[in-house]
file final_16.cif (mmCIF, C-alpha atoms and all ligand atoms)
data_my_file
loop_
_atom_site.label_atom_id
_atom_site.label_comp_id
_atom_site.auth_asym_id
_atom_site.auth_seq_id
_atom_site.Cartn_x
_atom_site.Cartn_y
_atom_site.Cartn_z
CA MET A 630 83.12 -21.72 76.02
CA LYS A 631 79.99 -22.84 77.88
CA SER A 632 77.71 -19.98 78.82
CA ILE A 633 76.63 -19.56 82.45
CA LEU A 634 73.07 -19.53 81.07
CA GLU A 635 73.27 -23.16 79.85
CA GLY A 636 71.21 -25.50 82.02
CA ARG A 637 69.87 -22.55 84.05
CA PRO A 638 66.45 -21.72 82.54
CA ALA A 639 65.53 -19.12 85.18
CA LEU A 640 68.74 -17.16 84.68
CA GLU A 641 68.45 -17.54 80.90
CA LYS A 642 64.88 -16.16 81.05
CA GLU A 643 66.03 -13.19 83.16
CA VAL A 644 68.87 -12.31 80.79
CA GLY A 645 66.46 -12.85 77.88
CA GLN A 646 64.14 -10.24 79.39
CA ILE A 647 67.05 -7.78 79.74
CA ALA A 648 67.88 -8.35 76.05
CA GLU A 649 64.22 -7.84 75.11
CA VAL A 650 64.10 -4.50 76.95
CA ALA A 651 67.43 -3.42 75.40
CA GLY A 652 65.79 -4.01 72.01
CA TYR A 653 62.80 -1.85 72.97
CA LEU A 654 65.11 0.99 74.10
CA TRP A 655 66.85 0.89 70.72
CA GLN A 656 63.62 0.59 68.71
CA ASN A 657 62.15 3.57 70.55
CA GLY A 658 65.12 5.72 69.58
CA TRP A 659 66.08 6.10 73.24
CA ALA A 660 69.49 4.40 72.98
CA GLU A 661 71.71 6.02 70.38
CA ARG A 662 75.26 4.66 70.13
CA ASN A 663 76.22 3.24 73.57
CA GLY A 664 73.66 5.39 75.43
CA GLY A 665 71.84 3.99 78.45
CA ASN A 666 72.46 1.35 81.09
CA ILE A 667 70.78 -1.66 82.62
CA THR A 668 71.82 -3.28 85.92
CA VAL A 669 69.80 -6.17 87.40
CA ASN A 670 70.24 -7.90 90.76
CA ILE A 671 70.20 -11.64 89.93
CA THR A 672 71.33 -12.93 93.35
CA GLU A 673 68.20 -15.02 93.90
CA LEU A 674 68.95 -16.97 90.68
CA ILE A 675 72.50 -17.85 91.74
CA ASP A 676 73.33 -21.48 92.70
CA ASP A 677 76.26 -22.95 94.64
CA GLU A 678 78.13 -23.85 91.45
CA ILE A 679 78.06 -20.18 90.35
CA ARG A 680 79.10 -19.10 93.84
CA SER A 681 82.27 -21.19 93.50
CA MET A 682 83.04 -20.05 89.94
CA PRO A 683 86.49 -18.49 89.63
CA ALA A 684 86.81 -14.82 88.68
CA LEU A 685 87.56 -13.96 85.04
CA SER A 686 88.88 -10.54 86.01
CA GLU A 687 91.25 -9.18 88.61
CA VAL A 688 89.62 -7.69 91.72
CA LYS A 689 88.13 -4.30 90.79
CA ALA A 690 87.19 -1.43 93.08
CA ILE A 691 83.57 -0.23 92.98
CA GLY A 692 84.75 3.21 94.12
CA ASP A 693 82.59 3.21 97.21
CA THR A 694 81.56 0.76 99.94
CA MET A 695 78.11 -0.79 99.52
CA PRO A 696 77.44 -2.53 102.85
CA HIS A 697 74.21 -4.21 101.76
CA LEU A 698 75.58 -5.80 98.59
CA LYS A 699 77.84 -8.41 100.18
CA GLY A 700 77.77 -11.58 98.06
CA ASN A 701 75.25 -10.12 95.60
CA TYR A 702 75.39 -10.83 91.86
CA PHE A 703 74.44 -8.44 89.07
CA TYR A 704 74.02 -8.50 85.32
CA CYS A 705 75.51 -5.21 84.02
CA LYS A 706 75.65 -3.74 80.55
CA GLY A 707 79.25 -3.42 79.38
CA THR A 708 80.98 -0.08 79.09
CA GLY A 709 80.85 1.32 75.55
CA LYS A 710 78.44 -1.45 74.47
CA ARG A 711 75.35 -0.73 72.40
CA MET A 712 71.77 -1.61 73.45
CA ARG A 713 71.03 -2.81 69.92
CA ASP A 714 73.90 -5.34 70.19
CA LEU A 715 72.96 -6.32 73.74
CA ALA A 716 69.46 -7.12 72.43
CA ARG A 717 70.90 -9.88 70.25
CA ARG A 718 73.94 -10.98 72.25
CA PRO A 719 73.44 -10.10 75.94
CA MET A 720 76.42 -12.09 77.24
CA GLU A 721 78.85 -10.48 74.79
CA ASN A 722 77.68 -6.95 75.61
CA GLY A 723 77.24 -7.33 79.34
CA SER A 724 78.62 -9.47 82.13
CA ILE A 725 77.77 -11.03 85.48
CA ILE A 726 79.65 -9.69 88.47
CA ARG A 727 80.04 -10.83 92.08
CA ILE A 728 80.35 -8.26 94.89
CA LEU A 729 83.11 -9.39 97.25
CA ASP A 730 82.73 -9.72 101.01
CA ASP A 731 84.44 -6.39 101.66
CA CYS A 732 81.51 -4.71 99.81
CA ALA A 733 84.00 -2.39 98.10
CA ASN A 734 85.28 -4.63 95.27
CA TYR A 735 83.87 -6.92 92.62
CA VAL A 736 84.96 -9.50 90.06
CA ILE A 737 83.54 -10.45 86.67
CA ILE A 738 82.56 -14.14 86.62
CA ALA A 739 80.75 -14.70 83.29
CA ASP A 740 80.60 -15.15 80.33
CA ASN A 741 83.35 -12.90 78.98
CA LEU A 742 85.69 -10.26 80.28
CA VAL A 743 83.26 -7.42 79.52
CA GLN A 744 84.01 -4.42 81.73
CA PRO A 745 80.76 -3.12 83.32
CA THR A 746 79.39 0.34 82.60
CA SER A 747 81.27 3.34 83.99
CA GLU A 748 77.95 4.15 85.72
CA LEU A 749 78.27 0.99 87.83
CA PRO A 750 78.90 2.86 91.13
CA SER A 751 75.72 4.95 90.83
CA HIS A 752 73.60 1.93 89.78
CA LEU A 753 75.01 -0.15 92.65
CA ALA A 754 74.37 2.71 95.09
CA VAL A 755 70.68 2.51 94.14
CA HIS A 756 70.65 -1.30 94.57
CA ASN A 757 72.41 -0.90 97.92
CA ARG A 758 69.67 1.48 99.09
CA ILE A 759 66.91 -0.80 97.73
CA ILE A 760 68.21 -3.70 99.85
CA GLU A 761 68.74 -1.44 102.88
CA LYS A 762 65.05 -0.48 102.67
CA GLY A 763 63.99 -4.14 102.33
CA SER A 764 62.38 -3.36 98.98
CA ASN A 765 61.73 -5.96 96.24
CA TYR A 766 63.09 -3.91 93.35
CA LYS A 767 65.69 -5.74 91.27
CA ALA A 768 66.36 -3.62 88.18
CA THR A 769 67.70 -0.16 87.32
CA VAL A 770 67.48 1.32 83.82
CA HIS A 771 68.90 4.55 82.40
CA THR A 772 67.84 5.67 78.93
CA HIS A 773 67.17 8.79 76.77
CA PRO A 774 63.41 8.99 75.94
CA ILE A 775 63.14 11.73 73.32
CA GLU A 776 59.92 13.49 74.35
CA LEU A 777 60.65 13.46 78.09
CA VAL A 778 64.14 14.86 77.49
CA ALA A 779 62.64 17.53 75.20
CA MET A 780 60.20 18.57 77.94
CA SER A 781 63.07 18.77 80.45
CA HIS A 782 64.49 21.69 78.43
CA ASN A 783 61.75 23.94 79.82
CA GLN A 784 62.28 25.17 83.40
CA ALA A 785 58.52 25.67 83.70
CA PHE A 786 58.18 21.85 83.84
CA MET A 787 61.02 21.29 86.30
CA GLY A 788 59.21 22.21 89.51
CA LYS A 789 58.22 19.42 91.87
CA ASP A 790 55.36 17.32 90.40
CA VAL A 791 54.57 19.88 87.65
CA LEU A 792 55.41 17.39 84.89
CA THR A 793 53.88 14.51 86.85
CA ARG A 794 50.50 16.29 86.86
CA ILE A 795 50.66 17.14 83.15
CA LEU A 796 51.66 13.59 82.18
CA TRP A 797 49.05 11.94 84.44
CA SER A 798 46.35 14.12 82.88
CA MET A 799 47.12 13.13 79.26
CA ILE A 800 45.66 9.59 79.43
CA PRO A 801 44.03 7.81 82.41
CA GLU A 802 46.40 4.82 82.47
CA THR A 803 49.49 6.90 83.21
CA LYS A 804 48.54 7.49 86.85
CA ALA A 805 47.35 3.89 87.18
CA PHE A 806 50.65 2.43 85.93
CA CYS A 807 53.02 5.10 87.21
CA PRO A 808 51.25 6.05 90.44
CA LEU A 809 54.28 7.70 92.06
CA GLY A 810 54.88 10.04 89.12
CA LEU A 811 58.18 11.44 87.92
CA GLY A 812 60.97 12.83 90.12
CA ILE A 813 63.23 15.60 88.84
CA ALA A 814 67.03 15.83 89.07
CA PRO A 815 68.46 19.20 87.97
CA TYR A 816 71.16 19.13 85.31
CA ALA A 817 74.44 17.66 86.54
CA LEU A 818 77.46 16.25 84.74
CA PRO A 819 76.85 12.65 83.56
CA GLY A 820 78.53 10.20 85.93
CA SER A 821 79.00 12.86 88.62
CA VAL A 822 78.51 12.38 92.36
CA ASP A 823 75.96 15.24 92.30
CA LEU A 824 73.81 13.41 89.74
CA ALA A 825 74.05 10.13 91.67
CA LYS A 826 73.07 11.89 94.93
CA ALA A 827 70.11 13.70 93.35
CA THR A 828 68.94 10.42 91.80
CA LEU A 829 69.14 8.52 95.09
CA LYS A 830 67.20 11.29 96.82
CA GLU A 831 64.40 11.35 94.22
CA LEU A 832 64.14 7.53 94.18
CA GLU A 833 63.08 7.67 97.85
CA GLU A 834 59.80 9.10 96.57
CA TYR A 835 59.55 8.10 92.90
CA ASP A 836 60.28 5.03 90.73
CA VAL A 837 61.35 7.17 87.73
CA VAL A 838 63.58 10.25 87.83
CA LEU A 839 63.97 12.70 84.94
CA TRP A 840 67.53 13.92 84.53
CA GLU A 841 67.24 17.47 83.14
CA LYS A 842 68.50 17.71 79.51
CA HIS A 843 69.72 14.10 79.60
CA GLY A 844 67.32 11.19 80.20
CA VAL A 845 65.58 9.11 82.83
CA PHE A 846 66.65 6.70 85.54
CA ALA A 847 64.11 4.11 86.71
CA LYS A 848 63.97 1.33 89.23
CA GLY A 849 61.59 -1.59 88.87
CA LEU A 850 60.61 -4.96 90.33
CA ASP A 851 62.26 -6.35 87.21
CA VAL A 852 63.66 -4.81 84.04
CA MET A 853 60.27 -4.98 82.24
CA ASP A 854 58.57 -3.13 85.12
CA ALA A 855 61.19 -0.36 84.95
CA PHE A 856 60.75 -0.14 81.16
CA ASP A 857 56.92 -0.09 81.40
CA GLN A 858 56.94 2.90 83.75
CA ILE A 859 59.25 4.88 81.44
CA ASP A 860 57.10 3.81 78.48
CA VAL A 861 53.78 5.04 79.94
CA LEU A 862 55.31 8.39 80.95
CA SER A 863 56.85 8.70 77.51
CA LYS A 864 53.49 7.95 75.86
CA SER A 865 51.90 10.83 77.79
CA ALA A 866 54.76 13.15 76.79
CA LYS A 867 54.16 12.19 73.13
CA ILE A 868 50.44 13.00 73.42
CA TYR A 869 51.26 16.38 74.97
CA LEU A 870 53.72 17.18 72.19
CA ASP A 871 51.35 16.00 69.45
CA ALA A 872 48.67 18.35 70.79
CA LYS A 873 51.19 21.23 70.87
CA CYS A 874 52.25 20.36 67.29
CA MET A 875 48.59 20.62 66.23
CA GLY A 876 48.72 24.15 67.61
CA PHE A 877 46.84 23.92 70.89
CA GLU A 878 47.52 23.42 74.59
CA PRO A 879 45.95 20.06 75.53
CA ASP A 880 43.14 20.40 78.09
CA GLY A 881 44.29 17.42 80.13
CA MET A 882 41.89 15.41 82.28
CA THR A 883 40.09 17.62 84.79
CA GLU A 884 40.85 17.53 88.53
CA GLU A 885 37.49 15.77 88.97
CA GLN A 886 38.38 13.10 86.40
CA MET A 887 41.78 12.57 88.03
CA ASN A 888 40.18 12.24 91.49
CA GLU A 889 37.66 9.75 90.13
CA MET A 890 40.56 7.60 88.78
CA THR A 891 42.33 7.78 92.13
CA GLU A 892 39.18 6.73 94.03
CA VAL A 893 38.02 3.95 91.77
CA PHE A 894 41.45 2.35 91.28
CA HIS A 895 42.65 3.00 94.87
CA LEU A 896 45.73 4.89 93.69
CA PRO A 897 47.99 6.75 96.11
CA ARG A 898 47.18 10.45 96.41
ZN ZN B 901 72.72 8.92 79.52
#
call {"tool": "encode", "arguments": {"input": "final_16.cif", "output": "structure tokens", "more": "lines below"}}
Ligand SMILES: [Zn+2]
result
Amino acid sequence: MKSILEGRPALEKEVGQIAEVAGYLWQNGWAERNGGNITVNITELIDDEIRSMPALSEVKAIGDTMPHLKGNYFYCKGTGKRMRDLARRPMENGSIIRILDDCANYVIIADNLVQPTSELPSHLAVHNRIIEKGSNYKATVHTHPIELVAMSHNQAFMGKDVLTRILWSMIPETKAFCPLGLGIAPYALPGSVDLAKATLKELEEYDVVLWEKHGVFAKGLDVMDAFDQIDVLSKSAKIYLDAKCMGFEPDGMTEEQMNEMTEVFHLPR
């Protein structure tokens, strides 16, 4: 069967970037088994021929109404699929879906009948909010970065912006490339409404949210942007842990050094 990517270089490039990031998640040890999710809004890459493509699936309920997603298209990782497989074969381990005009249902249109992630409603809720705000973000990523999850097991780090300040102070680039810092969502059952609500709330203020004892959820301009922000935060967490493993509490950059960074690079305060 002909892939939807054939003859569509822009869409092929976008899906290629999703596959590349899926590979990084696996290589970093952040995506054991079928862990993690990627959902990307690809509506701007959709042509009239795709718009008239018949559905491969029956009409499926999202589980909620998403008024801003009418006629939008998404690439979604498949439920139970592995990031390491998606890295090599993105269209066999994920699918492209169309949100129907009622904003409450969707159909799968390509390439195969791969059922999207069970986390689809919470990812779509974030995309719905992104569009409502008129923001340019296109990608959401959920993954399990080892060091950040380890740090989330200590309540002392779970206060507002406590971890943000520690991570920013480990290496100057972290604040430069993740200027909003890291939001915190208290432990909640995976896939629960509580977790989705807490994530939505934190994403009003942050691009990356740490889910206590679980992982992170990030939004980005594209999938690489979302990955990069998780990666820089994770790098800082590794430096912190390496210092602790050597037997000392890392000094961290001083307040003066942090302020200098903020001034010189015009970062938000
Ligand atoms: Zn997870």
call {"tool": "residues_around", "arguments": {"input": "final_16.cif", "residues": "Gly664 of chain A", "least_positions_apart": "4", "cutoff": "8 Å", "atoms": "all atoms listed in the file", "output": "CSV table (one decimal) with C-alpha atoms, in the frame of the given file"}}
result
chain,number,residue,atom,x,y,z
A,659,TRP,CA,66.1,6.1,73.2
A,660,ALA,CA,69.5,4.4,73.0
A,711,ARG,CA,75.4,-0.7,72.4
A,712,MET,CA,71.8,-1.6,73.4
A,772,THR,CA,67.8,5.7,78.9
A,773,HIS,CA,67.2,8.8,76.8
call {"tool": "residues_around", "arguments": {"input": "final_16.cif", "residues": "Ser781 of chain A", "least_positions_apart": "2", "cutoff": "10 Å", "atoms": "all atoms listed in the file", "output": "PyMOL selection string"}}
result
chain A and resi 776-779+783-787+792+813-816+839-844
call {"tool": "closest_residue", "arguments": {"input": "final_16.cif", "among": "A:Ser632, A:Ser724, A:Ser821, A:Thr803", "to": "Val743 of chain A", "atoms": "only C-alpha atoms"}}
result
A:Ser724
call {"tool": "atom_distance", "arguments": {"input": "final_16.cif", "atom1": "atom CA of Thr668 of chain A", "atom2": "atom CA of Ser747 of chain A"}}
result
11.7 Å
call {"tool": "residues_around", "arguments": {"input": "final_16.cif", "residues": "segment 644-651 of chain A", "least_positions_apart": "3", "cutoff": "6 Å", "atoms": "only C-alpha atoms", "output": "PyMOL selection string"}}
result
chain A and resi 641+654+712+715-716+719
call {"tool": "residues_around", "arguments": {"input": "final_16.cif", "residues": "Met682 of chain A", "least_positions_apart": "2", "cutoff": "12 Å", "atoms": "only C-alpha atoms", "output": "PDB file with C-alpha atoms, keeping the file's coordinate frame"}}
result
ATOM      1  CA  ILE A 633      76.630 -19.560  82.450  1.00  0.00           C
ATOM      2  CA  ILE A 675      72.500 -17.850  91.740  1.00  0.00           C
ATOM      3  CA  ASP A 676      73.330 -21.480  92.700  1.00  0.00           C
ATOM      4  CA  ASP A 677      76.260 -22.950  94.640  1.00  0.00           C
ATOM      5  CA  GLU A 678      78.130 -23.850  91.450  1.00  0.00           C
ATOM      6  CA  ILE A 679      78.060 -20.180  90.350  1.00  0.00           C
ATOM      7  CA  ARG A 680      79.100 -19.100  93.840  1.00  0.00           C
ATOM      8  CA  ALA A 684      86.810 -14.820  88.680  1.00  0.00           C
ATOM      9  CA  LEU A 685      87.560 -13.960  85.040  1.00  0.00           C
ATOM     10  CA  SER A 686      88.880 -10.540  86.010  1.00  0.00           C
ATOM     11  CA  ILE A 725      77.770 -11.030  85.480  1.00  0.00           C
ATOM     12  CA  ILE A 726      79.650  -9.690  88.470  1.00  0.00           C
ATOM     13  CA  ARG A 727      80.040 -10.830  92.080  1.00  0.00           C
ATOM     14  CA  VAL A 736      84.960  -9.500  90.060  1.00  0.00           C
ATOM     15  CA  ILE A 737      83.540 -10.450  86.670  1.00  0.00           C
ATOM     16  CA  ILE A 738      82.560 -14.140  86.620  1.00  0.00           C
ATOM     17  CA  ALA A 739      80.750 -14.700  83.290  1.00  0.00           C
ATOM     18  CA  ASP A 740      80.600 -15.150  80.330  1.00  0.00           C
TER      19      ASP A 740
END
call {"tool": "closest_residue", "arguments": {"input": "final_16.cif", "among": "A:Gly763, A:Gly665, A:Pro745, A:Pro774", "to": "ligand ZN 901 (chain B)", "atoms": "all atoms listed in the file"}}
result
A:Gly665
call {"tool": "closest_residue", "arguments": {"input": "final_16.cif", "among": "A:Ala754, A:Ile795, A:Ala866, A:Ala733", "to": "Leu832 of chain A", "atoms": "all atoms listed in the file"}}
result
A:Ala754
call {"tool": "closest_residue", "arguments": {"input": "final_16.cif", "among": "A:Met887, A:Ile868, A:Val770, A:Cys807", "to": "ligand ZN 901 (chain B)", "atoms": "only C-alpha atoms and all ligand atoms"}}
result
A:Val770
call {"tool": "closest_residue", "arguments": {"input": "final_16.cif", "among": "A:Ile667, A:Ala855, A:Ala872, A:Leu896", "to": "ligand ZN 901 (chain B)", "atoms": "all atoms listed in the file"}}
result
A:Ile667
